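Here the structure is laid out as structure tokens; the discussion comes afterwards.
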Amino acid sequence: MSAIDLPRNLPLGQRVLFAIPLLGRIAKEVTYGDSDNIYYAIAAGLSLWGIAILLFGIPGLYIPALALVPVIWTLLILISRG
């Protein structure tokens, strides 16, 4: 049972993303749920990053940042192309 009514024909990318167990539910809530859900998702992500720093120290700080380098690099290329 889903609390959110989804459109009938979703694009392939959204169907694949929504099929991932934990991330799909969060993405579905942010995309089609209440407008405040994005703030809760950001707060949860920052909290998880803070917990990783408390548990693992310095590697918990820089490994997630290093993992996001390809994402930011791709975004910069897309922005520069117009």
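Following the order of the structure tokens, chains are lettered A, B, ..., residues in each are numbered from 1, and ligands are numbered from 1.
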* Apply DSSP to the structure's backbone, then extract all residues of region 2-79 of chain A labelled helix (DSSP H, G or I) and return them as a ChimeraX atom specification. => /A:12-19,21-32,37-56,58-67,69-79
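With only C-alpha atoms as the atoms that count, the residue of A:Pro7, A:Gly45, A:Pro70, A:Gly57 with the shortest distance to Lys28 (chain A) is A:Pro7.
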* **Selected residue, from A:Ser47, A:Val71, A:Thr31, A:Asn37, that lies nearest to Leu17 (chain A) when counting only C-alpha atoms** =>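 Of the candidates, the smallest distance to Leu17 (chain A) is held by A:Thr31.
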* **Nearest-residue call for Gly50 (chain A), choices A:Gly13, A:Pro64, A:Pro21, A:Gly82, using only C-alpha atoms** => A:Pro64
* What gap, in Å, lies between CA of Gly33 (chain A) and CA of Leu12 (chain A)? ->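 If I compute the distance from CA of Gly33 (chain A) to CA of Leu12 (chain A), I get 19.5 Å.
The gap separating CA of Leu61 (chain A) from CA of Leu22 (chain A) is 22.5 Å, in Å to one decimal.
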* Between CA of Arg25 (chain A) and CA of Tyr40 (chain A), what is the spacing in Å? -> 13.2 Å
* To do: Tell me which protein, DNA and RNA residues are within 12 Å of Gln14 (chain A), counting only C-alpha atoms, leaving out same-chain ones fewer than 4 positions away, and put them as a PyMOL selection string.
  => chain A and resi 6-10+18-20+23-25+27-28+31-32
